[in-house]
Amino acid sequence: MLDPKSALITIFTKARKLVLTLPIPPSGRLPFLLFFGILATPSLATAQLTNSAVVVVNSNQDGAITADNLLTFREAIAIVNGQLSIESLTEAEQAQIEITTTDTPSRIEFNLPAGQTTIRLQEALPPLATPGLVVDGTTQPGYDPQVSATAEIEIPIPVVEITPSDDTQILRGLSITADRVTVRGLSLYGFTESKGATLLTPPADIFISHPNPPPDTTQQQPPNDDFPFYAENVPPKDIVIENNWLGMPADERVPERTSAFGVSVFNSVGTIIQRNRIANHDGSAIITSVQAKNLEVRENIIVGNGIAGMPDAIRLEGVIDNSQITGNLICANDGSGVYLFKPQGSVGIFNNLISFNGRRLRRAAVYLMGDNHQVIENYINNHTGPGVTVTSYPRSRGNIIESNRFARLEGLSIDLNSQQHVAPIHFQVGDGPNPPRNSPNRRKETGNAAINAPEFISSEFFVLGSKVELLGKADPGSSVEIYLVNENSPISHGPLSEAIANVDTDEEGNFSLTLRNLPLPTALSAIATHPEYGTSEPALNTVVISPSNAGTSSTISTDTEPLEPIIPQCTTVPVAQEPPSPPPPPEPVVLRVPKNVHFALDKADLTAESTAILDQIIAVLKQYPFIIVELEGHTDPRASDAYNLDLGKRRALAVRNYLLREGIAPERMTIRSLGESQRRTTGSTIVDYARDRRVEFIFQDARGLDIIFEEQETDLQIESGGPR
C-alpha cells in the first residue's frame, strides 16, 4: 500500500498523462482550469517559459485568457510567470514574443493601437512573480521621455493607463512578489476597496509583498519578537518603481474613482520609489506596513493625497531601518508630509520641499516617533502646524534636525512633545515651547530626551563696527546652530529661516561667537544638538540692533522681507522661454458670490441644486487663482458634539472633493468642522435646522476684489414634519 505522498504523486502523474492525451480544441488551448491546475506545474517544462522573453502587449482588452491574434497585459504576465505556455498561443500571438537568453531579464513592453491605450481590468491581475521582470510603459509608441507636465521635477507623461473597468472594483493594480522587478512609465488609478476594513492588507495602485500575504493583518502574527514574518515569508528585494503616474490619468484630472493608496510596501527590502507623480489618493501616497528595510523614496512629486482617509503623504511604520526620503516635492496633502508611526529602525529625511500640507488635518509637516532619525536640509513652509514634531511615545531620542529652513508655520519649527501632553492634538500639532527641564527624570518624559533649547543671555545684542558677539547657554556637550528669523510670527521662537553659523558649547554649556555684516535689525534664534539626545526646540528669539536703538527691539519689525500674499501652487508647467513679467495688480472688482450650500438631515450628499451653487463658486475660483478658501462644515444641534463634528467634516469633504474633480487645486483649500457650535439661528423650527446644515466658504487673500457674499437658500433641504 502506497503512503499518502506516493499515492498523491501517482494520481497526479496519471492525471497529467490523461490531460496530455486530450484532443486539442479548435482554440488551441486546453480548458482554463486544467491548464492552470495541471499543466502549469514545475514538472512540465514544455508548458512554461524556460528562457527569458520580451513580450509585447498589443491589445488593451482584458478578461479570460483566450486564443486570438492579440496579446493582452494579463496574458503577458501569465507568460513571463510560466503560467501560460507559448505552444498554446496562436502564430500571431507568438509573433509578439522574442525568446532571449536566461541571463537577460524578461520584459513586458507595449504596442497598443493609438486611441486604445487604456487597459480596463475586469479582475485583479496575477502578481508579478518573475525575478528581474521589467514592465516598461515607456516602450509604447507616443511616449516622449523629453516632455514633462511639471517643471519642478521632470517626470514624463505616461501613455499606457491601467484602471478597473467602470463596473468593477479591484483591490490592487500591480502586486509584486519577486526580486528585482521594475515597473516604469505607467499610469495606474482607481484601485480601492469599499468595504472599509482597516485591517485588510492595503488596497493600492502598486502593492509589494511576499506571495500570498494574509488578507487580514491580524493573521500576520510574528513568530518571535525579533522578526515579524515566518521563515517562508521571504521579502522581495531590490524592486524599482519609477516614472509612473499613480492615482491620476495622463490628462491630470482627478479620476471619478480615486485609489486608496499609491505604493503600499507590505514586506520588502531595498525597494526604490523614484521620480513618480503620486496624487489624489484617499489615503497616503506611500505607506509601509510590516517591513520596508532600505527603502528609498527619492525625487517624487507627491500632491493632494489623503483626501478621504489616512491623510499623510508618506506614512512609515514597521521595520524601516536604513530608509531614506530624499529630494521629493511633498505638497498639499491632507496631513503630515512625512509621518513615522512606531517605526523599528531609523530614517533619513533629506533635501525635500514640504509645502502647503495639513489641508484637512493640522499635523506637523514631519512627525517623528522613535530614535536616531535625521531631518536635514529640508524646506518646510506654509503648513498648518509645526515644522517637525518629535513625540515622546513610547520614547524618542537621538533625532537630529539640522540645517532646515522653515517659513509660515502654525507652530514651532521644532516641537518636542512631553509625556504629560498625550491628547491626540499634542501628538498631531505639538505642545508648544517646553519650559527648562532640570529634574533628574526629565530625560525620560520628553521627545529627544528633553534637551533644552539654547538661551541667549540677552534679548538684544549690539553691533560694534560691523560685528556682534553672541553669548548664550545650552546643554553641555551640544553644538549650537544659529538661524536668521526672516518673518514675524505669533510664536517668539523662530521660525528658523536660514542657518548661518555653528558653535560648540564648553563643559558648562556656555557658547559665544562673532557674526559680521548682519543687516540691522536682525532677529536670530538657535537650536542645540547633542550626540546622545538629539536636537532641541528653537531658542527664544533675540534681536541684533545698533546701540542707538537700545531698548526698542520690541517695536522693531524683524521682517527682512515683507511677507506678501502668495498663490498656493505645487507644480508649474515647463516653459521654454523666460517667464513673462507679472501683470499689474487688477483693478478692484465687485463680485457677488454664494457663500454656502445646504444638506439634508443627517446627510453629507450634494444635491443637483447644491452643485449648481458650487459651480458658481468654482467659476470665481478659476477666474481668480490667488483666492484660497476654507470650507467650514456645520450641523444642526440635534446630536452629540462628537457626532456633529464628524458629520460637519464629511460635509466639508464632500464639497472639497467636488471642487477637486472640477479642477480646483488641493493646495487652495483647507477644511474645518465646527459641528453645531456656530448655528445660523437660535430657533428650533425645521427651517432653522435646515439653515444650520451647511458648508460655508471663507475666502482668503481676495486681493483687489470687493466680494459680496450671499447667504443663498435655493438648495435648502427642509425635513418633513415639525414646526416651520
# chains A, B, ... in the order shown; residues from 1 in each chain; ligands from 1

$ closest_atom_pairs --of "range 57-173 of chain A" --to "range 264-278 of chain A" --cutoff "12 Å" --atoms "only C-alpha atoms" --output "CSV"
residue,atom,partner,partner_atom,distance
A:Ser148,CA,A:Arg277,CA,10.8
A:Ala149,CA,A:Arg277,CA,10.1
A:Thr150,CA,A:Arg277,CA,9.5
A:Glu152,CA,A:Arg275,CA,11.2
A:Ile153,CA,A:Arg275,CA,7.6
A:Glu154,CA,A:Arg275,CA,7.9
A:Ile155,CA,A:Arg275,CA,6.2
A:Pro156,CA,A:Asn276,CA,9.2
A:Ile157,CA,A:Arg277,CA,9.6
A:Pro158,CA,A:Arg277,CA,10.4
A:Leu171,CA,A:Ser264,CA,11.8
A:Arg172,CA,A:Ser264,CA,9.7
A:Gly173,CA,A:Ser264,CA,11.0

$ select_by_dssp --residues "range 119-345 of chain A" --states "helix (DSSP H, G or I)" --output "mmCIF file with N, CA, C and O atoms, in the first residue's frame"
data_model
loop_
_atom_site.group_PDB
_atom_site.id
_atom_site.type_symbol
_atom_site.label_atom_id
_atom_site.label_comp_id
_atom_site.auth_asym_id
_atom_site.auth_seq_id
_atom_site.Cartn_x
_atom_site.Cartn_y
_atom_site.Cartn_z
ATOM 1 N N GLY A 137 6.312 50.747 -19.584
ATOM 2 C CA GLY A 137 5.359 51.545 -20.342
ATOM 3 C C GLY A 137 6.008 52.568 -21.246
ATOM 4 O O GLY A 137 5.340 53.144 -22.120
ATOM 5 N N THR A 138 7.315 52.817 -21.073
ATOM 6 C CA THR A 138 7.986 53.793 -21.932
ATOM 7 C C THR A 138 8.182 53.282 -23.350
ATOM 8 O O THR A 138 8.572 54.042 -24.236
ATOM 9 N N THR A 139 7.915 51.992 -23.587
ATOM 10 C CA THR A 139 8.056 51.417 -24.931
ATOM 11 C C THR A 139 6.838 51.689 -25.809
ATOM 12 O O THR A 139 6.883 51.435 -27.008
ATOM 13 N N THR A 217 -4.460 41.646 8.462
ATOM 14 C CA THR A 217 -3.126 41.777 9.048
ATOM 15 C C THR A 217 -3.058 41.230 10.462
ATOM 16 O O THR A 217 -1.970 41.002 10.982
ATOM 17 N N THR A 218 -4.195 40.994 11.112
ATOM 18 C CA THR A 218 -4.136 40.375 12.441
ATOM 19 C C THR A 218 -3.670 38.933 12.349
ATOM 20 O O THR A 218 -3.233 38.357 13.347
ATOM 21 N N GLN A 219 -3.769 38.325 11.148
ATOM 22 C CA GLN A 219 -3.285 36.959 10.972
ATOM 23 C C GLN A 219 -1.772 36.900 10.783
ATOM 24 O O GLN A 219 -1.188 35.829 10.814
#

$ residues_around --residues "Glu532 in chain A" --least-positions-apart "3" --cutoff "10 Å" --atoms "only C-alpha atoms" --output "list in words"
Asn372, Arg397, Gly398, Asn399, Ile400, Asn448, Ala449, Ile451, Gly477, Ser478, Thr529 and Thr535 of chain A

$ write_last_selection --atoms "C-alpha atoms" --output "PDB file, in the first residue's frame"
ATOM      1  CA  ASN A 372      18.036  58.318  15.593  1.00  0.00           C
ATOM      2  CA  ARG A 397      15.686  60.348  21.313  1.00  0.00           C
ATOM      3  CA  GLY A 398      18.758  60.959  19.212  1.00  0.00           C
ATOM      4  CA  ASN A 399      16.754  62.583  16.381  1.00  0.00           C
ATOM      5  CA  ILE A 400      18.930  65.095  14.503  1.00  0.00           C
ATOM      6  CA  ASN A 448      14.719  63.848  22.250  1.00  0.00           C
ATOM      7  CA  ALA A 449      15.414  63.276  25.949  1.00  0.00           C
ATOM      8  CA  ILE A 451      17.283  68.541  25.524  1.00  0.00           C
ATOM      9  CA  GLY A 477      28.281  68.738  25.088  1.00  0.00           C
ATOM     10  CA  SER A 478      25.902  70.131  22.471  1.00  0.00           C
ATOM     11  CA  THR A 529      22.057  69.228  19.092  1.00  0.00           C
ATOM     12  CA  THR A 535      18.088  68.337  18.579  1.00  0.00           C
TER      13      THR A 535
END

$ closest_residue --among "A:Ile491, A:Leu631, A:Ala665, A:Ala114" --to "Glu696 in chain A" --atoms "only C-alpha atoms"
A:Leu631

$ closest_residue --among "A:Glu537, A:Asp334, A:Glu507, A:Asp615" --to "Glu455 in chain A" --atoms "only C-alpha atoms"
A:Glu537

$ atom_distance --atom1 "CA of Gln700 in chain A" --atom2 "CA of His383 in chain A"
15.6 Å

$ residues_around --residues "range 92-101 of chain A" --least-positions-apart "2" --cutoff "12 Å" --atoms "only C-alpha atoms" --output "PyMOL selection string"
chain A and resi 28+49-59+66-73+75-76+79-80+84-90+103-112
